[in-house]
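Okay, entry14.pdb is below, PDB, C-alpha atoms and all ligand atoms:
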ATOM      1  CA  MET Y   1     -17.669  -4.641 -10.921  1.00  0.00           C
ATOM      2  CA  ARG Y   2     -17.332  -5.164  -7.213  1.00  0.00           C
ATOM      3  CA  LEU Y   3     -16.021  -2.003  -5.613  1.00  0.00           C
ATOM      4  CA  ASN Y   4     -16.229  -2.849  -1.954  1.00  0.00           C
ATOM      5  CA  PHE Y   5     -13.093  -3.075   0.125  1.00  0.00           C
ATOM      6  CA  ALA Y   6     -11.857  -3.564   3.658  1.00  0.00           C
ATOM      7  CA  THR Y   7      -8.835  -2.354   5.567  1.00  0.00           C
ATOM      8  CA  ALA Y   8      -7.172  -3.610   8.739  1.00  0.00           C
ATOM      9  CA  ALA Y   9      -4.105  -2.582  10.705  1.00  0.00           C
ATOM     10  CA  VAL Y  10      -2.287  -3.710  13.843  1.00  0.00           C
ATOM     11  CA  THR Y  11       0.854  -2.590  15.635  1.00  0.00           C
ATOM     12  CA  PRO Y  12       3.016  -4.263  18.280  1.00  0.00           C
ATOM     13  CA  ARG Y  13       3.676  -0.905  19.932  1.00  0.00           C
ATOM     14  CA  ALA Y  14       2.260  -0.464  23.396  1.00  0.00           C
ATOM     15  CA  ASP Y  15       1.206   3.129  22.678  1.00  0.00           C
ATOM     16  CA  GLY Y  16      -0.729   2.034  19.588  1.00  0.00           C
ATOM     17  CA  GLU Y  17       1.138   4.497  17.358  1.00  0.00           C
ATOM     18  CA  THR Y  18       1.955   3.164  13.923  1.00  0.00           C
ATOM     19  CA  GLN Y  19       3.839   4.535  10.934  1.00  0.00           C
ATOM     20  CA  ASP Y  20       1.742   2.458   8.534  1.00  0.00           C
ATOM     21  CA  ARG Y  21      -1.027   4.255   6.700  1.00  0.00           C
ATOM     22  CA  VAL Y  22      -3.793   2.634   4.651  1.00  0.00           C
ATOM     23  CA  ILE Y  23      -6.335   4.767   2.819  1.00  0.00           C
ATOM     24  CA  VAL Y  24      -8.948   3.938   0.173  1.00  0.00           C
ATOM     25  CA  HIS Y  25     -10.643   6.650  -1.899  1.00  0.00           C
ATOM     26  CA  ARG Y  26     -13.583   6.144  -4.213  1.00  0.00           C
ATOM     27  CA  LEU Y  27     -13.407   7.425  -7.789  1.00  0.00           C
ATOM     28  CA  PRO Y  28     -16.282   7.445 -10.257  1.00  0.00           C
ATOM     29  CA  GLY Y  29     -16.177   3.785 -11.313  1.00  0.00           C
ATOM     30  CA  GLY Y  30     -13.127   2.879  -9.328  1.00  0.00           C
ATOM     31  CA  LEU Y  31     -11.000   2.896  -6.214  1.00  0.00           C
ATOM     32  CA  VAL Y  32      -7.643   4.387  -5.254  1.00  0.00           C
ATOM     33  CA  VAL Y  33      -5.825   2.262  -2.686  1.00  0.00           C
ATOM     34  CA  LEU Y  34      -2.808   3.692  -0.880  1.00  0.00           C
ATOM     35  CA  VAL Y  35      -0.438   2.106   1.622  1.00  0.00           C
ATOM     36  CA  ALA Y  36       2.486   4.090   3.051  1.00  0.00           C
ATOM     37  CA  ASP Y  37       4.900   2.737   5.672  1.00  0.00           C
ATOM     38  CA  GLY Y  38       7.075   5.384   7.299  1.00  0.00           C
ATOM     39  CA  ALA Y  39      10.660   4.142   7.461  1.00  0.00           C
ATOM     40  CA  GLY Y  40      12.058   3.289  10.864  1.00  0.00           C
ATOM     41  CA  GLY Y  41      15.683   3.952  11.777  1.00  0.00           C
ATOM     42  CA  ILE Y  42      15.506   7.584  10.667  1.00  0.00           C
ATOM     43  CA  PRO Y  43      13.208  10.170  12.275  1.00  0.00           C
ATOM     44  CA  GLY Y  44      10.075  11.491  10.647  1.00  0.00           C
ATOM     45  CA  GLY Y  45       8.747   8.364   8.973  1.00  0.00           C
ATOM     46  CA  ASP Y  46       5.286   9.124  10.287  1.00  0.00           C
ATOM     47  CA  VAL Y  47       5.448  12.704   8.968  1.00  0.00           C
ATOM     48  CA  ALA Y  48       6.516  11.400   5.553  1.00  0.00           C
ATOM     49  CA  ALA Y  49       3.737   8.820   5.472  1.00  0.00           C
ATOM     50  CA  ASP Y  50       1.148  11.450   6.461  1.00  0.00           C
ATOM     51  CA  GLU Y  51       2.465  13.722   3.733  1.00  0.00           C
ATOM     52  CA  VAL Y  52       1.896  11.004   1.109  1.00  0.00           C
ATOM     53  CA  VAL Y  53      -1.665  10.541   2.369  1.00  0.00           C
ATOM     54  CA  ARG Y  54      -2.209  14.307   2.182  1.00  0.00           C
ATOM     55  CA  GLY Y  55      -0.592  14.648  -1.246  1.00  0.00           C
ATOM     56  CA  VAL Y  56      -2.741  11.899  -2.738  1.00  0.00           C
ATOM     57  CA  ALA Y  57      -5.942  13.345  -1.239  1.00  0.00           C
ATOM     58  CA  GLU Y  58      -5.019  16.772  -2.575  1.00  0.00           C
ATOM     59  CA  ALA Y  59      -4.298  15.406  -6.055  1.00  0.00           C
ATOM     60  CA  LEU Y  60      -7.691  13.684  -6.141  1.00  0.00           C
ATOM     61  CA  VAL Y  61      -9.229  17.149  -5.892  1.00  0.00           C
ATOM     62  CA  ASP Y  62      -6.745  19.242  -7.894  1.00  0.00           C
ATOM     63  CA  ASP Y  63      -5.156  16.841 -10.354  1.00  0.00           C
ATOM     64  CA  ALA Y  64      -7.507  13.951 -11.092  1.00  0.00           C
ATOM     65  CA  ARG Y  65      -5.617  13.284 -14.357  1.00  0.00           C
ATOM     66  CA  ALA Y  66      -2.760  11.877 -12.261  1.00  0.00           C
ATOM     67  CA  PHE Y  67      -4.942   8.833 -11.584  1.00  0.00           C
ATOM     68  CA  LEU Y  68      -5.769   8.052 -15.217  1.00  0.00           C
ATOM     69  CA  THR Y  69      -2.607   6.067 -16.017  1.00  0.00           C
ATOM     70  CA  ALA Y  70       0.256   4.314 -14.237  1.00  0.00           C
ATOM     71  CA  GLU Y  71       2.599   6.967 -15.632  1.00  0.00           C
ATOM     72  CA  GLY Y  72       0.404   9.629 -14.054  1.00  0.00           C
ATOM     73  CA  VAL Y  73       0.749   7.867 -10.712  1.00  0.00           C
ATOM     74  CA  VAL Y  74       4.542   7.705 -11.161  1.00  0.00           C
ATOM     75  CA  ALA Y  75       4.643  11.455 -11.784  1.00  0.00           C
ATOM     76  CA  LEU Y  76       2.431  12.114  -8.760  1.00  0.00           C
ATOM     77  CA  LEU Y  77       4.643  10.032  -6.462  1.00  0.00           C
ATOM     78  CA  ARG Y  78       7.716  11.844  -7.809  1.00  0.00           C
ATOM     79  CA  ARG Y  79       6.143  15.203  -7.023  1.00  0.00           C
ATOM     80  CA  ILE Y  80       5.248  14.020  -3.529  1.00  0.00           C
ATOM     81  CA  ASP Y  81       8.829  12.794  -3.085  1.00  0.00           C
ATOM     82  CA  ASP Y  82      10.136  16.285  -3.918  1.00  0.00           C
ATOM     83  CA  ASN Y  83       7.685  17.876  -1.483  1.00  0.00           C
ATOM     84  CA  VAL Y  84       8.476  15.462   1.346  1.00  0.00           C
ATOM     85  CA  GLU Y  85      12.211  15.849   0.847  1.00  0.00           C
ATOM     86  CA  ARG Y  86      11.868  19.594   1.390  1.00  0.00           C
ATOM     87  CA  LEU Y  87       9.986  19.200   4.691  1.00  0.00           C
ATOM     88  CA  PRO Y  88      12.506  19.528   7.532  1.00  0.00           C
ATOM     89  CA  LEU Y  89      10.702  17.132   9.883  1.00  0.00           C
ATOM     90  CA  ALA Y  90       9.865  14.468   7.325  1.00  0.00           C
ATOM     91  CA  GLY Y  91      11.840  11.268   6.968  1.00  0.00           C
ATOM     92  CA  GLU Y  92      11.136   8.646   4.361  1.00  0.00           C
ATOM     93  CA  THR Y  93       8.264   6.342   3.555  1.00  0.00           C
ATOM     94  CA  THR Y  94       7.219   3.625   1.174  1.00  0.00           C
ATOM     95  CA  ALA Y  95       4.208   4.197  -1.064  1.00  0.00           C
ATOM     96  CA  VAL Y  96       2.036   1.830  -3.058  1.00  0.00           C
ATOM     97  CA  LEU Y  97      -0.779   3.442  -4.977  1.00  0.00           C
ATOM     98  CA  VAL Y  98      -3.183   1.173  -6.874  1.00  0.00           C
ATOM     99  CA  VAL Y  99      -6.017   2.395  -9.101  1.00  0.00           C
ATOM    100  CA  LEU Y 100      -8.702  -0.248  -9.514  1.00  0.00           C
ATOM    101  CA  ARG Y 101     -11.124   0.232 -12.413  1.00  0.00           C
ATOM    102  CA  GLU Y 102     -13.506  -2.014 -14.304  1.00  0.00           C
ATOM    103  CA  GLU Y 103     -11.138  -2.737 -17.164  1.00  0.00           C
ATOM    104  CA  GLN Y 104      -7.760  -2.513 -15.481  1.00  0.00           C
ATOM    105  CA  VAL Y 105      -5.649  -2.395 -12.358  1.00  0.00           C
ATOM    106  CA  TYR Y 106      -2.615  -0.122 -12.403  1.00  0.00           C
ATOM    107  CA  GLY Y 107      -0.445   2.116 -10.311  1.00  0.00           C
ATOM    108  CA  ALA Y 108       3.091   2.574  -9.049  1.00  0.00           C
ATOM    109  CA  SER Y 109       5.188   1.982  -5.956  1.00  0.00           C
ATOM    110  CA  CYS Y 110       8.486   2.554  -4.245  1.00  0.00           C
ATOM    111  CA  GLY Y 111       9.886   1.035  -1.064  1.00  0.00           C
ATOM    112  CA  ASP Y 112       9.048  -2.382   0.328  1.00  0.00           C
ATOM    113  CA  SER Y 113       5.290  -2.300   0.761  1.00  0.00           C
ATOM    114  CA  GLY Y 114       3.476  -4.426  -1.788  1.00  0.00           C
ATOM    115  CA  ALA Y 115       0.447  -5.087  -3.952  1.00  0.00           C
ATOM    116  CA  TRP Y 116      -0.538  -8.598  -4.928  1.00  0.00           C
ATOM    117  CA  ILE Y 117      -3.457 -10.132  -6.770  1.00  0.00           C
ATOM    118  CA  VAL Y 118      -4.232 -13.488  -5.169  1.00  0.00           C
ATOM    119  CA  ASP Y 119      -6.563 -16.300  -6.207  1.00  0.00           C
ATOM    120  CA  GLU Y 120      -6.782 -20.087  -5.901  1.00  0.00           C
ATOM    121  CA  MET Y 121      -3.996 -20.472  -8.460  1.00  0.00           C
ATOM    122  CA  GLY Y 122      -1.494 -18.381  -6.536  1.00  0.00           C
ATOM    123  CA  LEU Y 123      -0.296 -14.805  -6.620  1.00  0.00           C
ATOM    124  CA  ASP Y 124       0.645 -12.075  -9.066  1.00  0.00           C
ATOM    125  CA  GLU Y 125       3.033  -9.592  -7.454  1.00  0.00           C
ATOM    126  CA  LEU Y 126       2.243  -6.219  -9.045  1.00  0.00           C
ATOM    127  CA  THR Y 127       5.109  -4.559  -7.185  1.00  0.00           C
ATOM    128  CA  ALA Y 128       7.763  -7.199  -8.035  1.00  0.00           C
ATOM    129  CA  ASP Y 129      10.022  -4.688  -9.814  1.00  0.00           C
ATOM    130  CA  GLN Y 130       9.876  -1.843  -7.287  1.00  0.00           C
ATOM    131  CA  LYS Y 131      13.018  -0.143  -5.942  1.00  0.00           C
ATOM    132  CA  ARG Y 132      12.999  -0.940  -2.251  1.00  0.00           C
ATOM    133  CA  LYS Y 133      15.660   1.531  -1.099  1.00  0.00           C
ATOM    134  CA  LEU Y 134      14.641   4.638  -3.070  1.00  0.00           C
ATOM    135  CA  ARG Y 135      11.744   5.746  -0.895  1.00  0.00           C
ATOM    136  CA  ILE Y 136       9.508   8.807  -0.895  1.00  0.00           C
ATOM    137  CA  GLY Y 137      11.271  11.614   0.976  1.00  0.00           C
ATOM    138  CA  SER Y 138      14.745  10.675  -0.232  1.00  0.00           C
ATOM    139  CA  GLY Y 139      14.420  13.099  -3.151  1.00  0.00           C
ATOM    140  CA  ARG Y 140      15.567  10.168  -5.283  1.00  0.00           C
ATOM    141  CA  ALA Y 141      12.411   8.065  -5.297  1.00  0.00           C
ATOM    142  CA  VAL Y 142      12.026   5.949  -8.422  1.00  0.00           C
ATOM    143  CA  PRO Y 143       8.378   4.838  -8.500  1.00  0.00           C
ATOM    144  CA  ILE Y 144       7.961   1.812 -10.756  1.00  0.00           C
ATOM    145  CA  PRO Y 145       4.669   1.514 -12.676  1.00  0.00           C
ATOM    146  CA  PHE Y 146       2.613  -1.658 -12.997  1.00  0.00           C
ATOM    147  CA  GLY Y 147      -0.552  -2.560 -14.828  1.00  0.00           C
ATOM    148  CA  ARG Y 148      -2.861  -5.479 -15.512  1.00  0.00           C
ATOM    149  CA  GLY Y 149      -6.197  -6.117 -17.179  1.00  0.00           C
ATOM    150  CA  PRO Y 150      -9.462  -6.599 -15.298  1.00  0.00           C
ATOM    151  CA  LEU Y 151      -8.997  -7.783 -11.718  1.00  0.00           C
ATOM    152  CA  GLY Y 152      -9.217 -11.562 -11.666  1.00  0.00           C
ATOM    153  CA  GLY Y 153      -8.637 -12.432  -8.029  1.00  0.00           C
ATOM    154  CA  THR Y 154      -8.447 -10.414  -4.828  1.00  0.00           C
ATOM    155  CA  LEU Y 155      -6.261  -7.321  -4.612  1.00  0.00           C
ATOM    156  CA  VAL Y 156      -4.134  -7.271  -1.448  1.00  0.00           C
ATOM    157  CA  VAL Y 157      -2.176  -4.081  -0.755  1.00  0.00           C
ATOM    158  CA  GLY Y 158      -0.079  -4.064   2.391  1.00  0.00           C
ATOM    159  CA  SER Y 159       3.035  -3.068   4.270  1.00  0.00           C
ATOM    160  CA  ASP Y 160       6.124  -5.267   4.667  1.00  0.00           C
ATOM    161  CA  GLY Y 161       4.763  -6.272   8.067  1.00  0.00           C
ATOM    162  CA  LEU Y 162       2.394  -8.498   6.101  1.00  0.00           C
ATOM    163  CA  PHE Y 163       4.515  -9.685   3.196  1.00  0.00           C
ATOM    164  CA  ASN Y 164       7.708 -10.327   5.203  1.00  0.00           C
ATOM    165  CA  TYR Y 165       6.090 -12.261   8.025  1.00  0.00           C
ATOM    166  CA  ALA Y 166       3.391 -14.373   6.414  1.00  0.00           C
ATOM    167  CA  ARG Y 167       4.096 -17.156   3.936  1.00  0.00           C
ATOM    168  CA  PRO Y 168       2.758 -16.442   0.437  1.00  0.00           C
ATOM    169  CA  ASP Y 169       0.503 -19.510   0.494  1.00  0.00           C
ATOM    170  CA  VAL Y 170      -0.909 -18.359   3.832  1.00  0.00           C
ATOM    171  CA  ILE Y 171      -1.621 -14.889   2.377  1.00  0.00           C
ATOM    172  CA  CYS Y 172      -3.350 -16.486  -0.621  1.00  0.00           C
ATOM    173  CA  ALA Y 173      -5.481 -18.736   1.589  1.00  0.00           C
ATOM    174  CA  ALA Y 174      -6.185 -16.390   4.508  1.00  0.00           C
ATOM    175  CA  GLY Y 175      -9.359 -14.801   3.197  1.00  0.00           C
ATOM    176  CA  ARG Y 176     -10.879 -17.692   1.306  1.00  0.00           C
ATOM    177  CA  GLY Y 177     -14.595 -18.035   1.907  1.00  0.00           C
ATOM    178  CA  LEU Y 178     -14.725 -15.023   4.215  1.00  0.00           C
ATOM    179  CA  SER Y 179     -16.309 -11.615   3.817  1.00  0.00           C
ATOM    180  CA  LEU Y 180     -13.795  -8.923   2.860  1.00  0.00           C
ATOM    181  CA  THR Y 181     -13.821  -7.472   6.369  1.00  0.00           C
ATOM    182  CA  ALA Y 182     -13.190 -10.856   7.968  1.00  0.00           C
ATOM    183  CA  ALA Y 183     -10.547 -11.623   5.353  1.00  0.00           C
ATOM    184  CA  ALA Y 184      -8.632  -8.405   6.102  1.00  0.00           C
ATOM    185  CA  CYS Y 185      -8.704  -9.253   9.822  1.00  0.00           C
ATOM    186  CA  ALA Y 186      -7.557 -12.803   9.055  1.00  0.00           C
ATOM    187  CA  LEU Y 187      -4.647 -11.436   7.044  1.00  0.00           C
ATOM    188  CA  VAL Y 188      -3.312  -9.169   9.779  1.00  0.00           C
ATOM    189  CA  ALA Y 189      -3.794 -12.017  12.261  1.00  0.00           C
ATOM    190  CA  CYS Y 190      -1.745 -14.505  10.267  1.00  0.00           C
ATOM    191  CA  VAL Y 191       1.551 -12.656  10.776  1.00  0.00           C
ATOM    192  CA  ARG Y 192       1.554 -13.240  14.526  1.00  0.00           C
ATOM    193  CA  THR Y 193       4.157 -15.646  15.865  1.00  0.00           C
ATOM    194  CA  VAL Y 194       3.026 -18.756  17.761  1.00  0.00           C
ATOM    195  CA  SER Y 195       3.380 -16.750  20.980  1.00  0.00           C
ATOM    196  CA  GLY Y 196       1.059 -14.084  19.534  1.00  0.00           C
ATOM    197  CA  ASP Y 197       3.741 -11.455  18.945  1.00  0.00           C
ATOM    198  CA  LEU Y 198       3.948  -9.065  16.009  1.00  0.00           C
ATOM    199  CA  MET Y 199       7.342  -8.291  14.462  1.00  0.00           C
ATOM    200  CA  ASP Y 200       6.296  -5.059  12.688  1.00  0.00           C
ATOM    201  CA  ASP Y 201       3.308  -2.814  12.075  1.00  0.00           C
ATOM    202  CA  VAL Y 202       0.896  -4.361   9.599  1.00  0.00           C
ATOM    203  CA  ALA Y 203      -1.578  -2.530   7.365  1.00  0.00           C
ATOM    204  CA  VAL Y 204      -3.637  -4.060   4.581  1.00  0.00           C
ATOM    205  CA  ALA Y 205      -6.372  -3.126   2.172  1.00  0.00           C
ATOM    206  CA  MET Y 206      -8.237  -5.690   0.110  1.00  0.00           C
TER     207      MET Y 206
HETATM  208 MN    MN M   1       6.987  -1.991   8.062  1.00  0.00          MN
END

Can you give me the file's structure in the form of structure tokens?
Amino acid sequence: MRLNFATAAVTPRADGETQDRVIVHRLPGGLVVLVADGAGGIPGGDVAADEVVRGVAEALVDDARAFLTAEGVVALLRRIDDNVERLPLAGETTAVLVVLREEQVYGASCGDSGAWIVDEMGLDELTADQKRKLRIGSGRAVPIPFGRGPLGGTLVVGSDGLFNYARPDVICAAGRGLSLTAAACALVACVRTVSGDLMDDVAVAM
């Protein structure tokens, strides 16, 4: 099974600071892909997103069983939600966590980041049923599990800066024939307006 991956991120902010986080961990025989997008409009989105990154890294060491099933990932994200809610400086964040193994792809998400599997035929939105408003840090997060068989196409995990500003057919076509690294760069490039502007931070892993 191919277990290589690429990540890319861009931000329209002049200071280069972004509240999007994209992290990929290797497991024996698999990958853990995480995207977290700290919510704007309330303070502390970046703290919340960092706390998800930290909580997942910690669980990989202390609680590897959490990554064995989609339900385990749901429970992990719930625990992280409780922890983030208790942090005075933390706001809220989305989280999409995908475990990619030889025989299956599974995970859970909350908020409006997304995970798609794309191929020539179109797209399969793993995160179609997620609760967009009940984010990590609210104390009310409702992570929704997803699962599929062996990965058929290309896994694309990203923030809403990708999925809200690029047409689905453009996302499906963006990486075709390219190396993964070039494809990830092509994806974050395709959300720019004709004048070259970005409307939101963008982070992707594929
Ligand atoms: Mn965003």

Could you list, as a tab-separated table (two decimals) with C-alpha atoms, keeping the file's coordinate frame, all the residues within 6 Å of ligand MN 1 (chain M), counting all atoms listed in the file?
chain	number	residue	atom	x	y	z
Y	37	ASP	CA	4.90	2.74	5.67
Y	159	SER	CA	3.04	-3.07	4.27
Y	160	ASP	CA	6.12	-5.27	4.67
Y	161	GLY	CA	4.76	-6.27	8.07
Y	200	ASP	CA	6.30	-5.06	12.69
Y	201	ASP	CA	3.31	-2.81	12.08

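Between Y:Phe146 and the residues Y:Met121, Y:Leu134, Y:Val73, Y:Val52, the shortest atom-to-atom distance, using all atoms listed in the file, involves Y:Val73.
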
Could you tell me how far atom CA of Y:Ala115 sits from atom CA of Y:Val53, in Å to one decimal place?
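Computing the Euclidean distance for atom CA of Y:Val53 and atom CA of Y:Ala115 yields 17.0 Å.
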
Anything within 8 Å of (-6.3, 5.0, -1.9): list those residues as a PDB file with C-alpha atoms, in the frame of the given file, counting all atoms listed in the file and sticking to the file's coordinates.
ATOM      1  CA  VAL Y  22      -3.793   2.634   4.651  1.00  0.00           C
ATOM      2  CA  ILE Y  23      -6.335   4.767   2.819  1.00  0.00           C
ATOM      3  CA  VAL Y  24      -8.948   3.938   0.173  1.00  0.00           C
ATOM      4  CA  HIS Y  25     -10.643   6.650  -1.899  1.00  0.00           C
ATOM      5  CA  ARG Y  26     -13.583   6.144  -4.213  1.00  0.00           C
ATOM      6  CA  LEU Y  31     -11.000   2.896  -6.214  1.00  0.00           C
ATOM      7  CA  VAL Y  32      -7.643   4.387  -5.254  1.00  0.00           C
ATOM      8  CA  VAL Y  33      -5.825   2.262  -2.686  1.00  0.00           C
ATOM      9  CA  LEU Y  34      -2.808   3.692  -0.880  1.00  0.00           C
ATOM     10  CA  VAL Y  35      -0.438   2.106   1.622  1.00  0.00           C
ATOM     11  CA  VAL Y  56      -2.741  11.899  -2.738  1.00  0.00           C
ATOM     12  CA  LEU Y  97      -0.779   3.442  -4.977  1.00  0.00           C
ATOM     13  CA  VAL Y  98      -3.183   1.173  -6.874  1.00  0.00           C
ATOM     14  CA  VAL Y  99      -6.017   2.395  -9.101  1.00  0.00           C
TER      15      VAL Y  99
END

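Pairwise distance (atom CA of Y:Ser109, atom CA of Y:Leu123) equals 17.7 Å.
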
I'd like to see the residues matched by the PyMOL selection byres (((chain Y and resi 75) around 12) and not hetatm) on this file, and ideally I'd get them as a PyMOL selection string.
chain Y and resi 56+59+63+65-74+76-82+97+107-109+141-145

Selection result of the PyMOL selection byres (((chain Y and resi 190-194) around 8) and not hetatm) on this file, as a PyMOL selection string
chain Y and resi 161-162+165-166+170-171+174+186-189+195-199

Distance atom CA of Y:Ala203-atom CA of Y:Glu103, one decimal place?
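Interatomic distance, atom CA of Y:Ala203 to atom CA of Y:Glu103: 26.3 Å.
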
Between Y:Cys185, Y:Val84, Y:Cys172, Y:Leu180, which residue has the minimum interatomic distance to Y:Asn4, considering all atoms listed in the file?
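Going through Y:Cys185, Y:Val84, Y:Cys172, Y:Leu180 one by one, the smallest distance to Y:Asn4 is for Y:Leu180.
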
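Using all atoms listed in the file, the shortest contact distance between Y:Thr181 and any of Y:Met206, Y:Gln19, Y:Asp50, Y:Asp119 is found at Y:Met206.
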
Residue by residue, what does the PyMOL selection byres (((chain Y and resi 92) around 10) and not hetatm) grab here? Present the result as a ChimeraX atom specification.
/Y:36-49,81,84-85,90-91,93-95,111,134-139,141

Just write the chosen residues, C-alpha atoms, as a compact mmCIF listing (two decimals), in the frame of the given file.
# COMPACT_ATOMS: atom_id res chain seq x y z
CA ALA Y 36 2.49 4.09 3.05
CA ASP Y 37 4.90 2.74 5.67
CA GLY Y 38 7.08 5.38 7.30
CA ALA Y 39 10.66 4.14 7.46
CA GLY Y 40 12.06 3.29 10.86
CA GLY Y 41 15.68 3.95 11.78
CA ILE Y 42 15.51 7.58 10.67
CA PRO Y 43 13.21 10.17 12.28
CA GLY Y 44 10.07 11.49 10.65
CA GLY Y 45 8.75 8.36 8.97
CA ASP Y 46 5.29 9.12 10.29
CA VAL Y 47 5.45 12.70 8.97
CA ALA Y 48 6.52 11.40 5.55
CA ALA Y 49 3.74 8.82 5.47
CA ASP Y 81 8.83 12.79 -3.08
CA VAL Y 84 8.48 15.46 1.35
CA GLU Y 85 12.21 15.85 0.85
CA ALA Y 90 9.86 14.47 7.32
CA GLY Y 91 11.84 11.27 6.97
CA THR Y 93 8.26 6.34 3.56
CA THR Y 94 7.22 3.62 1.17
CA ALA Y 95 4.21 4.20 -1.06
CA GLY Y 111 9.89 1.03 -1.06
CA LEU Y 134 14.64 4.64 -3.07
CA ARG Y 135 11.74 5.75 -0.90
CA ILE Y 136 9.51 8.81 -0.90
CA GLY Y 137 11.27 11.61 0.98
CA SER Y 138 14.74 10.68 -0.23
CA GLY Y 139 14.42 13.10 -3.15
CA ALA Y 141 12.41 8.06 -5.30
